[in-house]
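Contents: one structure, followed by commentary.
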Amino acid sequence: MTKSLFLSNLILAIIWVMATGTLTEENFLFGFFISFTILWVITFKKEERKYFTVIPKLLAYIAFIFWEIIKANFQSLKESFYPKSKLEPAIVKVPLDAKTDVEISILSNIISLTPGTLIMDVSDDKKVVYVHVMHLLDKENFIKEIKLKFEKPLLELMR
Amino acid sequence: MKDILIMILASFGAIFILSSSIGLLRKPDVYLRISVTAKASTLGIGLMLTSAALYFNDYSVTTRIVAIILFVFLTISIGGHLLARAAYFTKTPIWKGTKVDDLAGQYDEVTHELYSEKHNSSIKPEKDTSI
Amino acid sequence: MSLYDYFNWIIIPILGLSVILVFIRFLKGPSLPDRVIALDMLILISVCIIAIYSIQTNQSTFLDVAMLFALIAFLSTSAYAFYLEQRQRK
């Protein structure tokens, strides 16, 4: 359902570009936005409405990930000058809710790019993932934080 | 105006790369080093290439640069994961200050399979007390 | 201060300093994975230097070289990791 809506959105955007006669990225994006709003107004089925919540959520998630990457960089800039005694590294087992390969690979990529964490390996039965942490304060708290911050919104998007 | 923006972006990128190389020199064991380089260099390279894209201000150059940045973002974390795994197999010593090591003994010696439940094998790096 | 001078006097020295620091780790590195990660970092810094050089000479063709270097960095890292793992297996 989401796919056909996305396709009709794309076709409407192309029609907009053809009608206005200027092929630039800005014009295409503008046409995409206009057809998105029009489709939003005219769709009423409940399962079809999902498409309109997914795209803003996806954009918000991408912005959040970029913010986390920038934060990670500033943190590691600070950490380069820390003395060794302040480090508390650990390898922690984090249980996974994600099931398919695509979900696990996206999640592990995100975890690797965010502050102080590095994926060591995924277990062969895809149930747990081992994460190397730079500053471990509390194990339970850390696992809960990863699940709440990265995994839950990702699974909401993918399913 | 554009020149000043390019200067600011390039300086931030250079500072990130310098900090990650200092981290690479100062961290006590392999796993910490991998984790430092995987992070600070992504944004460093991204900012440098973005400043090049701003300078040329050309459609074909911009698409090429976006391709490079996406590629680097995807591959750096995968490369770090592969290297950390290989370092763990070769029993590279882990720093003595490591608090928890859940991975110790989880790999099978022969099949290199990773278990999620408790497993006892000989693949565990010893703590490095010299550093 | 023009863009050319700024890159010549500030950015390139910072990158050169980081190349030296990474190279010290490459020489020191107690184990093989240390050396591999230093080599990977060296290639990534050279991607940055190529980007700066393409701005200085005003030739966007050099960015193709940067793309190839990024590809080679990933390839060499994964090949080394595979080699390390298989060497252990005997």
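Please note that chains go A, B, ... in the order of the structure tokens, that every chain numbers its residues from 1, and that ligands are numbered from 1 in the order shown.
Once Ile34 (chain A) and its same-chain neighbours fewer than 5 positions away are set aside, Asn9, Leu12, Ala13, Trp16, Phe28, Leu29, Leu39 and Trp40 of chain A remain within 10 Å of it when counting only C-alpha atoms.
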Residues from last step as file, all heavy atoms, as a tab-separated table (two decimals), in the first residue's frame:
```
chain	number	residue	atom	x	y	z
A	9	ASN	N	2.73	9.31	-5.89
A	9	ASN	CA	3.34	10.59	-5.48
A	9	ASN	C	4.42	11.01	-6.46
A	9	ASN	O	4.48	12.16	-6.92
A	9	ASN	CB	3.92	10.40	-4.08
A	9	ASN	CG	4.12	11.70	-3.36
A	9	ASN	OD1	4.13	12.75	-3.99
A	9	ASN	ND2	4.30	11.65	-2.07
A	12	LEU	N	2.93	12.04	-9.85
A	12	LEU	CA	2.35	13.39	-9.77
A	12	LEU	C	3.43	14.45	-9.79
A	12	LEU	O	3.29	15.50	-10.43
A	12	LEU	CB	1.51	13.52	-8.50
A	12	LEU	CG	0.11	12.92	-8.60
A	12	LEU	CD1	-0.58	13.01	-7.27
A	12	LEU	CD2	-0.69	13.67	-9.65
A	13	ALA	N	4.57	14.15	-9.11
A	13	ALA	CA	5.67	15.12	-9.11
A	13	ALA	C	6.24	15.29	-10.51
A	13	ALA	O	6.52	16.42	-10.96
A	13	ALA	CB	6.76	14.66	-8.15
A	16	TRP	N	3.99	17.38	-12.51
A	16	TRP	CA	4.17	18.79	-12.13
A	16	TRP	C	5.37	19.39	-12.87
A	16	TRP	O	5.29	20.51	-13.41
A	16	TRP	CB	4.37	18.90	-10.63
A	16	TRP	CG	4.85	20.23	-10.17
A	16	TRP	CD1	6.13	20.59	-9.94
A	16	TRP	CD2	4.06	21.40	-9.92
A	16	TRP	NE1	6.21	21.90	-9.55
A	16	TRP	CE2	4.95	22.43	-9.54
A	16	TRP	CE3	2.70	21.68	-9.98
A	16	TRP	CZ2	4.51	23.71	-9.21
A	16	TRP	CZ3	2.27	22.95	-9.66
A	16	TRP	CH2	3.16	23.95	-9.29
A	28	PHE	N	11.41	19.88	-8.77
A	28	PHE	CA	10.96	18.51	-8.54
A	28	PHE	C	10.55	18.32	-7.08
A	28	PHE	O	9.51	17.75	-6.78
A	28	PHE	CB	12.07	17.54	-8.91
A	28	PHE	CG	11.68	16.11	-8.78
A	28	PHE	CD1	10.91	15.49	-9.74
A	28	PHE	CD2	12.05	15.38	-7.66
A	28	PHE	CE1	10.53	14.17	-9.61
A	28	PHE	CE2	11.67	14.06	-7.52
A	28	PHE	CZ	10.91	13.46	-8.50
A	29	LEU	N	11.38	18.83	-6.16
A	29	LEU	CA	11.05	18.69	-4.73
A	29	LEU	C	9.76	19.41	-4.40
A	29	LEU	O	8.94	18.92	-3.63
A	29	LEU	CB	12.21	19.23	-3.88
A	29	LEU	CG	13.39	18.30	-3.73
A	29	LEU	CD1	14.46	18.95	-2.88
A	29	LEU	CD2	12.95	17.00	-3.08
A	39	LEU	N	-2.31	14.24	-1.93
A	39	LEU	CA	-2.64	12.85	-1.60
A	39	LEU	C	-3.08	12.73	-0.15
A	39	LEU	O	-3.96	11.96	0.19
A	39	LEU	CB	-1.44	11.95	-1.87
A	39	LEU	CG	-1.19	11.60	-3.33
A	39	LEU	CD1	0.11	10.83	-3.45
A	39	LEU	CD2	-2.32	10.77	-3.86
A	40	TRP	N	-2.45	13.51	0.70
A	40	TRP	CA	-2.80	13.50	2.13
A	40	TRP	C	-4.25	13.92	2.32
A	40	TRP	O	-5.00	13.33	3.10
A	40	TRP	CB	-1.84	14.46	2.85
A	40	TRP	CG	-1.93	14.40	4.34
A	40	TRP	CD1	-2.48	13.41	5.09
A	40	TRP	CD2	-1.46	15.39	5.26
A	40	TRP	NE1	-2.35	13.69	6.42
A	40	TRP	CE2	-1.73	14.91	6.55
A	40	TRP	CE3	-0.82	16.61	5.12
A	40	TRP	CZ2	-1.41	15.63	7.69
A	40	TRP	CZ3	-0.49	17.32	6.25
A	40	TRP	CH2	-0.77	16.84	7.52
```
Residues of chain A within 7 Å of chain B, counting only C-alpha atoms, what are they? List them as a PyMOL selection string. chain A and resi 72-73+76-77+80+88-93+109+112-113+117-121+123-124+127-128+130
Only N, CA, C and O atoms, please: the residues just picked out, written as an mmCIF file, in the first residue's frame.
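Saved to result_28.cif:
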```cif
data_model
loop_
_atom_site.group_PDB
_atom_site.id
_atom_site.type_symbol
_atom_site.label_atom_id
_atom_site.label_comp_id
_atom_site.auth_asym_id
_atom_site.auth_seq_id
_atom_site.Cartn_x
_atom_site.Cartn_y
_atom_site.Cartn_z
ATOM 1 N N ALA A 72 28.734 12.835 18.631
ATOM 2 C CA ALA A 72 29.778 11.828 18.813
ATOM 3 C C ALA A 72 31.136 12.396 18.474
ATOM 4 O O ALA A 72 32.127 12.145 19.163
ATOM 5 N N ASN A 73 31.190 13.202 17.409
ATOM 6 C CA ASN A 73 32.477 13.758 16.999
ATOM 7 C C ASN A 73 33.011 14.733 18.017
ATOM 8 O O ASN A 73 34.197 14.718 18.339
ATOM 9 N N SER A 76 34.303 12.752 20.968
ATOM 10 C CA SER A 76 35.600 12.081 20.800
ATOM 11 C C SER A 76 36.717 13.097 20.642
ATOM 12 O O SER A 76 37.871 12.796 20.936
ATOM 13 N N LEU A 77 36.369 14.324 20.205
ATOM 14 C CA LEU A 77 37.374 15.394 20.198
ATOM 15 C C LEU A 77 37.825 15.687 21.623
ATOM 16 O O LEU A 77 39.003 15.849 21.902
ATOM 17 N N SER A 80 39.907 12.713 23.234
ATOM 18 C CA SER A 80 41.282 12.484 22.803
ATOM 19 C C SER A 80 42.277 13.045 23.810
ATOM 20 O O SER A 80 43.419 12.607 23.875
ATOM 21 N N GLU A 88 36.470 3.974 30.929
ATOM 22 C CA GLU A 88 35.874 2.778 31.511
ATOM 23 C C GLU A 88 35.313 1.891 30.405
ATOM 24 O O GLU A 88 34.104 1.801 30.223
ATOM 25 N N PRO A 89 36.195 1.267 29.606
ATOM 26 C CA PRO A 89 35.685 0.471 28.487
ATOM 27 C C PRO A 89 35.067 -0.837 28.947
ATOM 28 O O PRO A 89 35.397 -1.356 30.016
ATOM 29 N N ALA A 90 34.163 -1.368 28.135
ATOM 30 C CA ALA A 90 33.534 -2.648 28.446
ATOM 31 C C ALA A 90 32.939 -3.218 27.179
ATOM 32 O O ALA A 90 32.686 -2.488 26.227
ATOM 33 N N ILE A 91 32.772 -4.546 27.136
ATOM 34 C CA ILE A 91 32.052 -5.190 26.034
ATOM 35 C C ILE A 91 30.753 -5.735 26.594
ATOM 36 O O ILE A 91 30.767 -6.558 27.506
ATOM 37 N N VAL A 92 29.631 -5.238 26.093
ATOM 38 C CA VAL A 92 28.335 -5.534 26.687
ATOM 39 C C VAL A 92 27.483 -6.310 25.687
ATOM 40 O O VAL A 92 27.536 -6.060 24.487
ATOM 41 N N LYS A 93 26.727 -7.288 26.206
ATOM 42 C CA LYS A 93 25.796 -8.048 25.375
ATOM 43 C C LYS A 93 24.451 -7.341 25.368
ATOM 44 O O LYS A 93 23.873 -7.113 26.424
ATOM 45 N N ASN A 109 24.933 -0.281 12.054
ATOM 46 C CA ASN A 109 25.615 0.866 11.466
ATOM 47 C C ASN A 109 25.380 2.116 12.289
ATOM 48 O O ASN A 109 26.307 2.883 12.564
ATOM 49 N N SER A 112 27.304 2.010 15.530
ATOM 50 C CA SER A 112 28.738 2.261 15.348
ATOM 51 C C SER A 112 29.036 3.741 15.170
ATOM 52 O O SER A 112 30.113 4.204 15.529
ATOM 53 N N LEU A 113 28.096 4.493 14.596
ATOM 54 C CA LEU A 113 28.381 5.896 14.310
ATOM 55 C C LEU A 113 28.061 6.821 15.468
ATOM 56 O O LEU A 113 28.405 7.984 15.434
ATOM 57 N N THR A 117 30.359 4.086 21.099
ATOM 58 C CA THR A 117 30.014 2.675 20.977
ATOM 59 C C THR A 117 30.537 2.114 19.667
ATOM 60 O O THR A 117 30.654 2.818 18.676
ATOM 61 N N LEU A 118 30.858 0.824 19.666
ATOM 62 C CA LEU A 118 31.341 0.153 18.458
ATOM 63 C C LEU A 118 30.807 -1.268 18.455
ATOM 64 O O LEU A 118 30.889 -1.965 19.464
ATOM 65 N N ILE A 119 30.239 -1.681 17.311
ATOM 66 C CA ILE A 119 29.724 -3.047 17.204
ATOM 67 C C ILE A 119 30.895 -4.020 17.111
ATOM 68 O O ILE A 119 31.781 -3.839 16.288
ATOM 69 N N MET A 120 30.943 -5.028 17.985
ATOM 70 C CA MET A 120 31.979 -6.046 17.850
ATOM 71 C C MET A 120 31.495 -7.161 16.934
ATOM 72 O O MET A 120 32.152 -7.501 15.963
ATOM 73 N N ASP A 121 30.342 -7.753 17.242
ATOM 74 C CA ASP A 121 29.830 -8.810 16.389
ATOM 75 C C ASP A 121 28.354 -9.068 16.676
ATOM 76 O O ASP A 121 27.856 -8.743 17.750
ATOM 77 N N SER A 123 25.617 -12.197 16.954
ATOM 78 C CA SER A 123 25.691 -13.638 17.163
ATOM 79 C C SER A 123 25.028 -14.360 15.994
ATOM 80 O O SER A 123 24.207 -13.797 15.275
ATOM 81 N N ASP A 124 25.397 -15.643 15.808
ATOM 82 C CA ASP A 124 24.966 -16.338 14.590
ATOM 83 C C ASP A 124 23.467 -16.603 14.557
ATOM 84 O O ASP A 124 22.896 -16.753 13.483
ATOM 85 N N LYS A 127 20.288 -13.168 17.825
ATOM 86 C CA LYS A 127 19.506 -12.801 19.007
ATOM 87 C C LYS A 127 20.160 -11.677 19.791
ATOM 88 O O LYS A 127 19.474 -10.843 20.367
ATOM 89 N N VAL A 128 21.494 -11.673 19.848
ATOM 90 C CA VAL A 128 22.168 -10.627 20.627
ATOM 91 C C VAL A 128 23.235 -9.974 19.767
ATOM 92 O O VAL A 128 23.644 -10.502 18.735
ATOM 93 N N TYR A 130 27.016 -7.771 20.333
ATOM 94 C CA TYR A 130 28.018 -7.392 21.331
ATOM 95 C C TYR A 130 28.549 -6.005 21.001
ATOM 96 O O TYR A 130 29.001 -5.766 19.886
#
```
Test item: chain C residues at most 8 Å from chain B, counting only C-alpha atoms, as JSON, numbers by chain: {"C": [3, 6, 11, 14, 15, 17, 18, 19, 21, 22, 24, 25, 31, 33, 34, 37, 38, 41, 44, 45, 47, 48, 51, 52, 54, 55, 58, 60, 63, 67, 70, 74, 77, 78, 81, 82, 84, 85, 88, 89]}
